[in-house]
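Contents: one structure, followed by commentary.
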Amino acid sequence: MQPIPGRPSSSTPTVDEPTEPQGPLSDKPDQAAPDVITPTGAPTGAPTAANGQQGAHLTTSQGVRLRDSDHSLKAGERGPSLLQDHHLREKITHFDHERIPERVVHARGAAAHGVFEGYGTADRLTVAGFLRKGRQTPVFTRFSTVLGSRGSADTVRDTRGFATKFYTDEGTFDLVGNNIPVFFIQDGIKFPDVIHAGKPHPDREIPQAQSAHDTFWDFVSLHTEGQAHTMWNMSDRGIPRSLRMMEGFGVHTFRLINAEGETSLVKFHWKPKLGVHSLTWEEAQLISGMDPDFHRRDLADAIEAGAYPQWELGVQVFPDTPEQTFEGIDLLDPTKIIPEELAPVQPIGLLTLDRNPTNYFAETEQVAFHPGNLPPGIDVTDDALLQARLFSYIDTQITRLGGPNFGQIPINRPHAPVNDMLRDGFHQDAVHSGVAPYKPNSLDGGCPFFAGADDHAFIDAPTKIAAEATKVRAQPASFDDHFSQVRLFWLSMTPVEQEHIIRSYTFELGKVYEQSIKERQLLALANIDPVLCSEVATGLGLPAPEPTETLTDPEPSPALSQVGKEWPVDGRIVGIVVDDDTDAGELDDLRTAIDEAGLVPLVIAPHGGNVAGTPAQRTFATSRSIEFDALLLGASPAPAPDALASRDGKAGVADRDDLDPRVVLLIEECFRQAKAIGAWGAGSDALAKAGYQAGTGIVTADSAQQTVESVLELLAAHRVWERFATSVG
């Protein structure tokens, strides 16, 4: 019997990480490398493996063997990374330049212009002028997925980038974060490893924009510091409902400096005004086929419709102590959070996105962020992941954008005077005057001059490095706890959210080819929670292992859950099923009421053109449940002429002559996806014909107005959560 296709490697891996040195594995039987030919076309007769990696030990590109590639070279185990770390620089530099020309990560993106207004509440923390009360600063925000290429779908399970460029009058500030507050790794030297593991397998370039494959789970099951980020990704947070409805996090701990020179440590948070909401797994799969541009379309459409997305910027504030810990949690560990119940998020400003880009390439594609773009009053810390990013971002842009002058591209240009003494290079757009781009000089009258104490210069916080620090590749012992916060996240979820997490792990690991990798990840799940491990193991047909670490029961953090809160419904999409018998006046009043409530009504009709005096925005043939946040039924339409399985595959779901089968499908999917459903008049008959009646999240009323009022109340919770079945809890 032929082996099942999909084996990722020519060797079967073991559960334990291999420790006995051996050379590179041979190719799989279905693979063949190019013949070994000289640069001028002469055959060499050498085996094809001669072009591959050689030797059993990890080396630099010059063949020097390495003892450690997990830790950057630091001034003491808690100190900053050192510029002399040639291995870190080589590894990151090569990684930064391994894609031509799209971004190595965050290739798939959408963006918008906007304005940020400071509240003035940060004045006691920082001298950063853009945070002053009433100060308005133009911004450009780019959202993105991490793993996929530019052509991948929007609604994949992945981390999302949330990067904002503040064009302050004191220089550009880039807050470059994610929609998840923790990261896979603790040290930036591991970034190429985690991305290489998550990207498509290099032999087939599949799977695209997914973590459901062997190399990803091989890495995170061995490098268990990634379990915290993995848990967030496996939760509903991994598939946002909209870019407008996801949180953003600075991930790292930053240092703020106030007018008295006092410092505080902070973590940045973006809180969406619309709340944090997600797609169901079924919705995400349907959308990937029906509308792979769903998120970017949703963002652009909302702005075009005047439903401007808004986020409050907030900070968690911690004392800047020598230990740099808070409540026993290490603030330099990017795989850890500080629960909001311990350190509340303090709002300091409001972001409003109100303009779409004019040209995708010129703006969204060419925008270049850098976490080292900092205004006076904000500084970095010795977080080893952040330290590597300070080098990596500029290095990446030099390749992507054709040279060192990428800051002169219109979208990247600062809104503050620039006199940098940097000259020439590819794509130099400025026309520099003067003859002395050096300091000190007298030929240019001494210009440019250094800023004085009162000239709003950048402040390097005079933080102390451990006395007599030794150069080491190491990390503090506090970084070794890889499971307690993952358990905190799990225990903070409601039963329905836990059910979704179980399903995610089961699906992802079910796509893994090698049994040993599944078993190894189950060992990690056992150290998080026995119920989670047991349920996933059952789905995989494997025994649930015992934990190897002591499980603690931390106090849950309700702030981590998406369930149980109510939010504004601005910009939500409401589908209205009508037919030619629908009362035109009633439909017009209904659409007006929905529009005035800040939502977008879309009329769904049997055919295009005018129906009941209104242009049809969707037809039964072109609509699907995933477009709508709620469904209203104002008609019970008989099968339309195109309700033929040969014409529209959706019409084949039911054989009936009393109700268009595509309306039945619409109702069934909206019910399954826990969306609010309302009906009146003939629409109530359609509900009954489809086998549904008023109940959990389904309302019927005597009029369209009464129906929409009830549906709006349900929409505030995002979903009818009670409709989801769960076996957990």
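Convention: chains lettered A, B, ... in structure tokens order; per-chain residue numbering from 1; ligands numbered from 1 as shown.
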Q | Spatial neighbours of A:Pro309, max dist 10 Å, only C-alpha atoms, sep filter under 6 positions, as a ChimeraX atom specification | A | /A:112,114,243-245,272-274,299,302-303,351-354,570-571
Just the selected residues (all heavy atoms), exported as a short mmCIF file (atom, residue, chain, number, x, y, z; two decimals), in the first residue's frame, please.
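And here is the file that came out, part.cif:
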data_model
loop_
_atom_site.label_atom_id
_atom_site.label_comp_id
_atom_site.auth_asym_id
_atom_site.auth_seq_id
_atom_site.Cartn_x
_atom_site.Cartn_y
_atom_site.Cartn_z
N ALA A 112 -5.31 52.49 7.33
CA ALA A 112 -6.13 53.69 7.23
C ALA A 112 -5.44 54.85 7.93
O ALA A 112 -4.61 54.66 8.83
CB ALA A 112 -7.51 53.45 7.84
N GLY A 114 -5.81 58.48 10.15
CA GLY A 114 -6.69 58.94 11.21
C GLY A 114 -6.06 60.02 12.04
O GLY A 114 -5.07 60.67 11.64
N LEU A 243 -11.24 43.91 11.96
CA LEU A 243 -10.08 44.66 12.45
C LEU A 243 -10.52 45.76 13.40
O LEU A 243 -9.77 46.17 14.28
CB LEU A 243 -9.31 45.27 11.27
CG LEU A 243 -8.79 44.25 10.24
CD1 LEU A 243 -8.18 44.98 9.05
CD2 LEU A 243 -7.80 43.30 10.86
N ARG A 244 -11.77 46.21 13.23
CA ARG A 244 -12.32 47.26 14.09
C ARG A 244 -12.67 46.74 15.48
O ARG A 244 -12.98 47.51 16.38
CB ARG A 244 -13.59 47.85 13.46
CG ARG A 244 -13.39 48.42 12.08
CD ARG A 244 -14.69 48.91 11.48
NE ARG A 244 -15.60 47.84 11.11
CZ ARG A 244 -16.86 47.74 11.50
NH1 ARG A 244 -17.37 48.64 12.30
NH2 ARG A 244 -17.61 46.74 11.10
N MET A 245 -12.65 45.42 15.64
CA MET A 245 -13.13 44.81 16.88
C MET A 245 -12.07 43.92 17.51
O MET A 245 -12.36 42.87 18.06
CB MET A 245 -14.40 43.99 16.59
CG MET A 245 -15.53 44.82 16.00
SD MET A 245 -16.87 43.80 15.35
CE MET A 245 -17.79 45.01 14.41
N PRO A 272 -10.68 48.64 21.67
CA PRO A 272 -11.64 49.06 20.65
C PRO A 272 -12.96 49.51 21.27
O PRO A 272 -13.49 48.86 22.18
CB PRO A 272 -11.84 47.79 19.81
CG PRO A 272 -11.53 46.67 20.75
CD PRO A 272 -10.46 47.18 21.68
N LYS A 273 -13.48 50.62 20.80
CA LYS A 273 -14.75 51.13 21.29
C LYS A 273 -15.90 50.16 21.01
O LYS A 273 -16.91 50.14 21.72
CB LYS A 273 -15.05 52.48 20.66
CG LYS A 273 -14.24 53.64 21.22
CD LYS A 273 -14.69 53.98 22.63
CE LYS A 273 -14.17 55.33 23.07
NZ LYS A 273 -14.65 55.69 24.43
N LEU A 274 -15.76 49.35 19.96
CA LEU A 274 -16.82 48.41 19.59
C LEU A 274 -16.72 47.09 20.35
O LEU A 274 -17.56 46.21 20.18
CB LEU A 274 -16.77 48.12 18.08
CG LEU A 274 -17.05 49.30 17.16
CD1 LEU A 274 -16.93 48.88 15.70
CD2 LEU A 274 -18.43 49.89 17.42
N LEU A 299 -13.06 47.05 6.95
CA LEU A 299 -12.44 48.28 7.45
C LEU A 299 -12.70 49.45 6.50
O LEU A 299 -13.13 50.53 6.93
CB LEU A 299 -10.93 48.07 7.63
CG LEU A 299 -10.13 49.29 8.07
CD1 LEU A 299 -10.50 49.69 9.48
CD2 LEU A 299 -8.62 49.02 7.95
N ALA A 302 -16.46 50.46 6.42
CA ALA A 302 -16.90 51.17 7.62
C ALA A 302 -16.47 52.63 7.57
O ALA A 302 -17.25 53.53 7.90
CB ALA A 302 -16.33 50.49 8.87
N ILE A 303 -15.24 52.86 7.15
CA ILE A 303 -14.76 54.24 7.06
C ILE A 303 -15.52 55.00 5.99
O ILE A 303 -15.93 56.15 6.18
CB ILE A 303 -13.24 54.26 6.79
CG1 ILE A 303 -12.49 53.70 8.00
CG2 ILE A 303 -12.76 55.66 6.44
CD1 ILE A 303 -11.01 53.51 7.78
N LEU A 351 -7.84 57.12 19.44
CA LEU A 351 -7.49 56.97 18.02
C LEU A 351 -8.78 56.82 17.22
O LEU A 351 -9.64 55.99 17.55
CB LEU A 351 -6.61 55.73 17.83
CG LEU A 351 -6.39 55.25 16.39
CD1 LEU A 351 -5.55 56.25 15.61
CD2 LEU A 351 -5.72 53.87 16.37
N THR A 352 -8.90 57.62 16.16
CA THR A 352 -10.03 57.52 15.24
C THR A 352 -9.48 57.37 13.83
O THR A 352 -8.69 58.21 13.38
CB THR A 352 -10.92 58.78 15.31
OG1 THR A 352 -11.37 58.98 16.65
CG2 THR A 352 -12.13 58.63 14.38
N LEU A 353 -9.88 56.31 13.13
CA LEU A 353 -9.48 56.13 11.73
C LEU A 353 -10.61 56.63 10.85
O LEU A 353 -11.73 56.12 10.90
CB LEU A 353 -9.18 54.65 11.46
CG LEU A 353 -8.04 54.04 12.27
CD1 LEU A 353 -7.79 52.59 11.87
CD2 LEU A 353 -6.76 54.85 12.12
N ASP A 354 -10.32 57.63 10.03
CA ASP A 354 -11.40 58.29 9.29
C ASP A 354 -11.12 58.48 7.80
O ASP A 354 -11.91 59.11 7.10
CB ASP A 354 -11.70 59.65 9.93
CG ASP A 354 -10.47 60.56 10.02
OD1 ASP A 354 -9.42 60.21 9.43
OD2 ASP A 354 -10.55 61.60 10.70
N ASP A 570 -22.30 50.12 16.33
CA ASP A 570 -22.00 50.95 15.16
C ASP A 570 -21.34 50.13 14.06
O ASP A 570 -20.39 49.38 14.30
CB ASP A 570 -21.04 52.08 15.54
CG ASP A 570 -21.55 52.92 16.70
OD1 ASP A 570 -22.07 52.33 17.65
OD2 ASP A 570 -21.41 54.15 16.65
N GLY A 571 -21.82 50.31 12.85
CA GLY A 571 -21.22 49.68 11.69
C GLY A 571 -21.58 48.22 11.48
O GLY A 571 -21.11 47.59 10.53
#
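Atom CA of A:Thr19 is positioned 21.4 Å from atom CA of A:Pro192.
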**Q.** Non-local contacts of stretch 471-476 of chain A (7 Å; only C-alpha atoms; under 4 positions in same chain excluded) as a VMD selection string
**A.** chain A and resid 71 to 78
Take the selection from the previous step and output its residues with all heavy atoms, as an mmCIF file, in the first residue's frame.
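Okay, out-v6.cif is ready:
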data_model
loop_
_atom_site.group_PDB
_atom_site.id
_atom_site.type_symbol
_atom_site.label_atom_id
_atom_site.label_comp_id
_atom_site.auth_asym_id
_atom_site.auth_seq_id
_atom_site.Cartn_x
_atom_site.Cartn_y
_atom_site.Cartn_z
ATOM 1 N N HIS A 71 19.811 32.397 22.964
ATOM 2 C CA HIS A 71 19.963 33.580 23.797
ATOM 3 C C HIS A 71 20.936 34.557 23.135
ATOM 4 O O HIS A 71 22.015 34.162 22.703
ATOM 5 C CB HIS A 71 20.493 33.209 25.190
ATOM 6 C CG HIS A 71 19.679 32.162 25.874
ATOM 7 N ND1 HIS A 71 20.020 30.820 25.860
ATOM 8 C CD2 HIS A 71 18.516 32.244 26.564
ATOM 9 C CE1 HIS A 71 19.110 30.133 26.532
ATOM 10 N NE2 HIS A 71 18.193 30.972 26.962
ATOM 11 N N SER A 72 20.544 35.820 23.068
ATOM 12 C CA SER A 72 21.456 36.830 22.564
ATOM 13 C C SER A 72 22.494 37.170 23.632
ATOM 14 O O SER A 72 22.304 36.891 24.817
ATOM 15 C CB SER A 72 20.688 38.086 22.140
ATOM 16 O OG SER A 72 19.851 38.543 23.185
ATOM 17 N N LEU A 73 23.594 37.764 23.209
ATOM 18 C CA LEU A 73 24.673 38.126 24.124
ATOM 19 C C LEU A 73 24.284 39.409 24.857
ATOM 20 O O LEU A 73 24.015 40.430 24.240
ATOM 21 C CB LEU A 73 25.970 38.329 23.338
ATOM 22 C CG LEU A 73 27.258 38.454 24.154
ATOM 23 C CD1 LEU A 73 27.555 37.155 24.895
ATOM 24 C CD2 LEU A 73 28.424 38.822 23.235
ATOM 25 N N LYS A 74 24.262 39.335 26.198
ATOM 26 C CA LYS A 74 23.766 40.456 26.999
ATOM 27 C C LYS A 74 24.808 40.876 28.022
ATOM 28 O O LYS A 74 25.697 40.104 28.386
ATOM 29 C CB LYS A 74 22.480 40.062 27.740
ATOM 30 C CG LYS A 74 21.388 39.451 26.899
ATOM 31 C CD LYS A 74 20.186 39.096 27.766
ATOM 32 C CE LYS A 74 19.132 38.322 26.986
ATOM 33 N NZ LYS A 74 19.555 36.944 26.701
ATOM 34 N N ALA A 75 24.621 42.082 28.509
ATOM 35 C CA ALA A 75 25.426 42.566 29.626
ATOM 36 C C ALA A 75 24.778 42.082 30.910
ATOM 37 O O ALA A 75 24.018 42.801 31.567
ATOM 38 C CB ALA A 75 25.510 44.089 29.598
ATOM 39 N N GLY A 76 25.053 40.837 31.268
ATOM 40 C CA GLY A 76 24.348 40.213 32.383
ATOM 41 C C GLY A 76 23.052 39.615 31.909
ATOM 42 O O GLY A 76 22.479 40.027 30.901
ATOM 43 N N GLU A 77 22.524 38.643 32.656
ATOM 44 C CA GLU A 77 21.352 37.916 32.164
ATOM 45 C C GLU A 77 20.113 38.786 32.042
ATOM 46 O O GLU A 77 19.183 38.471 31.310
ATOM 47 C CB GLU A 77 21.062 36.712 33.070
ATOM 48 C CG GLU A 77 20.696 37.048 34.498
ATOM 49 C CD GLU A 77 20.409 35.808 35.331
ATOM 50 O OE1 GLU A 77 20.877 34.709 34.957
ATOM 51 O OE2 GLU A 77 19.712 35.938 36.345
ATOM 52 N N ARG A 78 20.067 39.943 32.752
ATOM 53 C CA ARG A 78 18.931 40.860 32.628
ATOM 54 C C ARG A 78 19.330 42.138 31.895
ATOM 55 O O ARG A 78 18.568 43.098 31.846
ATOM 56 C CB ARG A 78 18.361 41.213 33.995
ATOM 57 C CG ARG A 78 17.764 40.027 34.742
ATOM 58 C CD ARG A 78 17.103 40.467 36.037
ATOM 59 N NE ARG A 78 15.955 41.315 35.783
ATOM 60 C CZ ARG A 78 14.755 40.873 35.406
ATOM 61 N NH1 ARG A 78 14.557 39.579 35.231
ATOM 62 N NH2 ARG A 78 13.754 41.701 35.208
#
Using only C-alpha atoms, determine which residues lie at most 7 Å from stretch 624-634 of chain A, disregarding the query and same-chain residues fewer than 4 positions distant; provide the list as a PDB file with N, CA, C and O atoms, in the first residue's frame.
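So around.pdb came out as:
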ATOM      1  N   GLU A 283     -17.709  30.343  10.233  1.00  0.00           N
ATOM      2  CA  GLU A 283     -17.711  31.612   9.504  1.00  0.00           C
ATOM      3  C   GLU A 283     -16.367  31.852   8.830  1.00  0.00           C
ATOM      4  O   GLU A 283     -16.307  32.273   7.665  1.00  0.00           O
ATOM      5  N   ILE A 287     -15.934  32.377   4.890  1.00  0.00           N
ATOM      6  CA  ILE A 287     -15.449  33.671   4.403  1.00  0.00           C
ATOM      7  C   ILE A 287     -14.217  33.500   3.521  1.00  0.00           C
ATOM      8  O   ILE A 287     -14.075  34.182   2.490  1.00  0.00           O
ATOM      9  N   ARG A 572     -22.421  47.656  12.343  1.00  0.00           N
ATOM     10  CA  ARG A 572     -22.829  46.252  12.154  1.00  0.00           C
ATOM     11  C   ARG A 572     -23.702  46.115  10.906  1.00  0.00           C
ATOM     12  O   ARG A 572     -24.415  47.040  10.506  1.00  0.00           O
ATOM     13  N   ILE A 573     -23.635  44.951  10.287  1.00  0.00           N
ATOM     14  CA  ILE A 573     -24.361  44.692   9.039  1.00  0.00           C
ATOM     15  C   ILE A 573     -25.613  43.883   9.343  1.00  0.00           C
ATOM     16  O   ILE A 573     -25.536  42.810   9.969  1.00  0.00           O
ATOM     17  N   VAL A 574     -26.762  44.377   8.899  1.00  0.00           N
ATOM     18  CA  VAL A 574     -28.042  43.694   9.109  1.00  0.00           C
ATOM     19  C   VAL A 574     -28.610  43.308   7.757  1.00  0.00           C
ATOM     20  O   VAL A 574     -28.838  44.167   6.896  1.00  0.00           O
ATOM     21  N   GLY A 575     -28.830  42.009   7.537  1.00  0.00           N
ATOM     22  CA  GLY A 575     -29.446  41.530   6.313  1.00  0.00           C
ATOM     23  C   GLY A 575     -30.957  41.492   6.445  1.00  0.00           C
ATOM     24  O   GLY A 575     -31.481  41.050   7.473  1.00  0.00           O
ATOM     25  N   ILE A 576     -31.672  41.947   5.417  1.00  0.00           N
ATOM     26  CA  ILE A 576     -33.141  41.999   5.440  1.00  0.00           C
ATOM     27  C   ILE A 576     -33.673  41.199   4.259  1.00  0.00           C
ATOM     28  O   ILE A 576     -33.500  41.598   3.097  1.00  0.00           O
ATOM     29  N   VAL A 577     -34.312  40.075   4.520  1.00  0.00           N
ATOM     30  CA  VAL A 577     -34.875  39.232   3.463  1.00  0.00           C
ATOM     31  C   VAL A 577     -36.246  39.776   3.066  1.00  0.00           C
ATOM     32  O   VAL A 577     -37.143  39.921   3.905  1.00  0.00           O
ATOM     33  N   VAL A 578     -36.400  40.089   1.766  1.00  0.00           N
ATOM     34  CA  VAL A 578     -37.665  40.625   1.249  1.00  0.00           C
ATOM     35  C   VAL A 578     -38.033  39.889  -0.035  1.00  0.00           C
ATOM     36  O   VAL A 578     -37.246  39.099  -0.563  1.00  0.00           O
ATOM     37  N   THR A 582     -43.295  42.445  -0.313  1.00  0.00           N
ATOM     38  CA  THR A 582     -42.985  43.213   0.894  1.00  0.00           C
ATOM     39  C   THR A 582     -43.500  44.637   0.756  1.00  0.00           C
ATOM     40  O   THR A 582     -43.395  45.254  -0.313  1.00  0.00           O
ATOM     41  N   LEU A 666     -29.709  30.316   4.771  1.00  0.00           N
ATOM     42  CA  LEU A 666     -29.331  31.549   5.453  1.00  0.00           C
ATOM     43  C   LEU A 666     -29.768  31.505   6.920  1.00  0.00           C
ATOM     44  O   LEU A 666     -28.996  31.855   7.827  1.00  0.00           O
ATOM     45  N   GLU A 669     -27.649  28.789   8.890  1.00  0.00           N
ATOM     46  CA  GLU A 669     -26.281  29.209   9.203  1.00  0.00           C
ATOM     47  C   GLU A 669     -26.265  30.294  10.266  1.00  0.00           C
ATOM     48  O   GLU A 669     -25.416  30.264  11.183  1.00  0.00           O
ATOM     49  N   CYS A 670     -27.164  31.272  10.165  1.00  0.00           N
ATOM     50  CA  CYS A 670     -27.201  32.335  11.171  1.00  0.00           C
ATOM     51  C   CYS A 670     -27.539  31.768  12.547  1.00  0.00           C
ATOM     52  O   CYS A 670     -26.987  32.221  13.563  1.00  0.00           O
ATOM     53  N   LYS A 675     -26.193  34.048  15.702  1.00  0.00           N
ATOM     54  CA  LYS A 675     -26.523  35.423  15.362  1.00  0.00           C
ATOM     55  C   LYS A 675     -27.983  35.717  15.706  1.00  0.00           C
ATOM     56  O   LYS A 675     -28.826  34.810  15.697  1.00  0.00           O
ATOM     57  N   ALA A 676     -28.261  36.989  15.991  1.00  0.00           N
ATOM     58  CA  ALA A 676     -29.628  37.393  16.273  1.00  0.00           C
ATOM     59  C   ALA A 676     -30.470  37.291  15.008  1.00  0.00           C
ATOM     60  O   ALA A 676     -30.034  37.691  13.926  1.00  0.00           O
ATOM     61  N   ILE A 677     -31.693  36.764  15.148  1.00  0.00           N
ATOM     62  CA  ILE A 677     -32.621  36.607  14.024  1.00  0.00           C
ATOM     63  C   ILE A 677     -33.959  37.216  14.442  1.00  0.00           C
ATOM     64  O   ILE A 677     -34.457  36.953  15.543  1.00  0.00           O
ATOM     65  N   GLY A 678     -34.522  38.037  13.579  1.00  0.00           N
ATOM     66  CA  GLY A 678     -35.820  38.637  13.856  1.00  0.00           C
ATOM     67  C   GLY A 678     -36.758  38.481  12.672  1.00  0.00           C
ATOM     68  O   GLY A 678     -36.314  38.418  11.525  1.00  0.00           O
ATOM     69  N   ALA A 679     -38.050  38.408  12.940  1.00  0.00           N
ATOM     70  CA  ALA A 679     -39.032  38.236  11.861  1.00  0.00           C
ATOM     71  C   ALA A 679     -40.347  38.896  12.247  1.00  0.00           C
ATOM     72  O   ALA A 679     -40.675  39.031  13.430  1.00  0.00           O
ATOM     73  N   TRP A 680     -41.099  39.294  11.242  1.00  0.00           N
ATOM     74  CA  TRP A 680     -42.438  39.837  11.429  1.00  0.00           C
ATOM     75  C   TRP A 680     -43.266  39.481  10.208  1.00  0.00           C
ATOM     76  O   TRP A 680     -42.718  39.184   9.135  1.00  0.00           O
ATOM     77  N   GLY A 681     -44.557  39.481  10.352  1.00  0.00           N
ATOM     78  CA  GLY A 681     -45.452  39.210   9.235  1.00  0.00           C
ATOM     79  C   GLY A 681     -45.129  37.910   8.529  1.00  0.00           C
ATOM     80  O   GLY A 681     -44.967  36.856   9.155  1.00  0.00           O
ATOM     81  N   ALA A 682     -44.973  37.989   7.197  1.00  0.00           N
ATOM     82  CA  ALA A 682     -44.674  36.800   6.400  1.00  0.00           C
ATOM     83  C   ALA A 682     -43.328  36.200   6.785  1.00  0.00           C
ATOM     84  O   ALA A 682     -43.094  34.998   6.620  1.00  0.00           O
ATOM     85  N   GLY A 683     -42.429  37.042   7.323  1.00  0.00           N
ATOM     86  CA  GLY A 683     -41.138  36.526   7.754  1.00  0.00           C
ATOM     87  C   GLY A 683     -41.259  35.514   8.866  1.00  0.00           C
ATOM     88  O   GLY A 683     -40.455  34.567   8.961  1.00  0.00           O
TER      89      GLY A 683
END
Exercise: stretch 636-646 of chain A partners within 7 Å, only C-alpha atoms, chain neighbours under 2 positions left out, as a short mmCIF file (atom, residue, chain, number, x, y, z; two decimals) with N, CA, C and O atoms, in the first residue's frame:
data_model
loop_
_atom_site.label_atom_id
_atom_site.label_comp_id
_atom_site.auth_asym_id
_atom_site.auth_seq_id
_atom_site.Cartn_x
_atom_site.Cartn_y
_atom_site.Cartn_z
N ASP A 579 -39.23 40.18 -0.53
CA ASP A 579 -39.62 39.73 -1.86
C ASP A 579 -40.51 40.80 -2.48
O ASP A 579 -40.68 41.88 -1.90
N PRO A 606 -34.99 38.14 -4.03
CA PRO A 606 -34.92 36.99 -4.95
C PRO A 606 -34.16 37.31 -6.23
O PRO A 606 -33.63 36.41 -6.88
N ASP A 648 -27.24 27.35 -8.96
CA ASP A 648 -26.69 27.84 -7.70
C ASP A 648 -26.61 26.67 -6.74
O ASP A 648 -27.64 26.14 -6.31
N GLY A 649 -25.38 26.27 -6.40
CA GLY A 649 -25.20 25.10 -5.54
C GLY A 649 -25.91 25.22 -4.22
O GLY A 649 -26.35 24.21 -3.65
N LYS A 650 -26.07 26.46 -3.71
CA LYS A 650 -26.76 26.63 -2.43
C LYS A 650 -28.23 26.23 -2.53
O LYS A 650 -28.86 25.92 -1.51
N ALA A 651 -28.79 26.23 -3.73
CA ALA A 651 -30.20 25.88 -3.90
C ALA A 651 -30.44 24.39 -3.76
O ALA A 651 -31.60 23.96 -3.70
N GLY A 652 -29.37 23.62 -3.70
CA GLY A 652 -29.54 22.17 -3.58
C GLY A 652 -29.62 21.66 -2.17
O GLY A 652 -29.62 20.45 -1.93
N ASP A 657 -40.97 23.53 -2.28
CA ASP A 657 -41.57 24.51 -3.17
C ASP A 657 -42.27 25.64 -2.42
O ASP A 657 -42.87 26.52 -3.03
N ASP A 658 -42.18 25.63 -1.05
CA ASP A 658 -42.87 26.67 -0.27
C ASP A 658 -41.96 27.81 0.17
O ASP A 658 -42.44 28.88 0.55
N LEU A 659 -40.62 27.60 0.12
CA LEU A 659 -39.68 28.61 0.59
C LEU A 659 -38.36 28.43 -0.15
O LEU A 659 -37.88 27.30 -0.28
N ASP A 660 -37.80 29.53 -0.63
CA ASP A 660 -36.54 29.42 -1.37
C ASP A 660 -35.49 28.73 -0.50
O ASP A 660 -35.23 29.16 0.64
N PRO A 661 -34.90 27.64 -0.97
CA PRO A 661 -33.96 26.88 -0.13
C PRO A 661 -32.75 27.69 0.32
O PRO A 661 -32.14 27.39 1.34
N ALA A 682 -44.97 37.99 7.20
CA ALA A 682 -44.67 36.80 6.40
C ALA A 682 -43.33 36.20 6.79
O ALA A 682 -43.09 35.00 6.62
N GLY A 683 -42.43 37.04 7.32
CA GLY A 683 -41.14 36.53 7.75
C GLY A 683 -41.26 35.51 8.87
O GLY A 683 -40.46 34.57 8.96
N ASP A 685 -43.65 33.41 9.10
CA ASP A 685 -44.02 32.17 8.41
C ASP A 685 -42.78 31.49 7.84
O ASP A 685 -42.67 30.26 7.88
N ALA A 686 -41.84 32.27 7.30
CA ALA A 686 -40.61 31.69 6.77
C ALA A 686 -39.83 30.99 7.87
O ALA A 686 -39.28 29.89 7.65
#
**Q.** Close residues, stretch 124-137 of chain A itself excluded, 9 Å, only C-alpha atoms, min 6 positions apart in chain, as a list in words
**A.**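 Those residues are Gly114, Val115, Phe116, Glu117, Gly118, Phe166, Tyr167, Thr168, Asp169, Glu170, Leu256, Ile257, Asn258, Ala259, Gly261, Glu262, Thr263, Ser264, Val317, Ile348, Gly349, Pro375, Pro376, Gly377, Ile378 and His456 of chain A.
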Using only C-alpha atoms, which residues sit within 10 Å of A:Phe95 once same-chain residues fewer than 6 positions away are excluded, as a JSON list (two decimals) with N, CA, C and O atoms, in the first residue's frame?
[["chain", "number", "residue", "atom", "x", "y", "z"],
["A", 89, "ARG", "N", 23.41, 39.32, 14.96],
["A", 89, "ARG", "CA", 23.32, 40.20, 13.80],
["A", 89, "ARG", "C", 23.28, 39.41, 12.50],
["A", 89, "ARG", "O", 22.50, 39.71, 11.59],
["A", 104, "VAL", "N", 8.75, 39.85, 5.15],
["A", 104, "VAL", "CA", 8.97, 38.48, 5.62],
["A", 104, "VAL", "C", 7.78, 38.03, 6.45],
["A", 104, "VAL", "O", 7.29, 36.90, 6.32],
["A", 191, "PHE", "N", 13.54, 34.72, 16.75],
["A", 191, "PHE", "CA", 12.48, 35.12, 15.83],
["A", 191, "PHE", "C", 12.56, 34.40, 14.49],
["A", 191, "PHE", "O", 11.53, 33.91, 13.98],
["A", 192, "PRO", "N", 13.73, 34.29, 13.88],
["A", 192, "PRO", "CA", 13.77, 33.52, 12.62],
["A", 192, "PRO", "C", 13.28, 32.09, 12.81],
["A", 192, "PRO", "O", 12.64, 31.52, 11.91],
["A", 193, "ASP", "N", 13.53, 31.50, 13.98],
["A", 193, "ASP", "CA", 13.13, 30.11, 14.20],
["A", 193, "ASP", "C", 11.61, 29.96, 14.23],
["A", 193, "ASP", "O", 11.04, 29.08, 13.59],
["A", 195, "ILE", "N", 9.30, 31.96, 13.05],
["A", 195, "ILE", "CA", 8.67, 32.27, 11.77],
["A", 195, "ILE", "C", 8.95, 31.18, 10.74],
["A", 195, "ILE", "O", 8.06, 30.77, 9.98],
["A", 196, "HIS", "N", 10.17, 30.67, 10.72],
["A", 196, "HIS", "CA", 10.46, 29.55, 9.82],
["A", 196, "HIS", "C", 9.56, 28.36, 10.14],
["A", 196, "HIS", "O", 9.13, 27.63, 9.23],
["A", 392, "SER", "N", 16.42, 44.89, 13.84],
["A", 392, "SER", "CA", 15.85, 44.14, 12.72],
["A", 392, "SER", "C", 14.99, 45.00, 11.79],
["A", 392, "SER", "O", 15.05, 44.85, 10.57],
["A", 395, "ASP", "N", 16.93, 47.17, 9.33],
["A", 395, "ASP", "CA", 17.65, 46.28, 8.43],
["A", 395, "ASP", "C", 16.72, 45.72, 7.36],
["A", 395, "ASP", "O", 17.06, 45.63, 6.18],
["A", 396, "THR", "N", 15.51, 45.34, 7.77],
["A", 396, "THR", "CA", 14.53, 44.79, 6.83],
["A", 396, "THR", "C", 14.14, 45.82, 5.77],
["A", 396, "THR", "O", 14.05, 45.50, 4.58]]
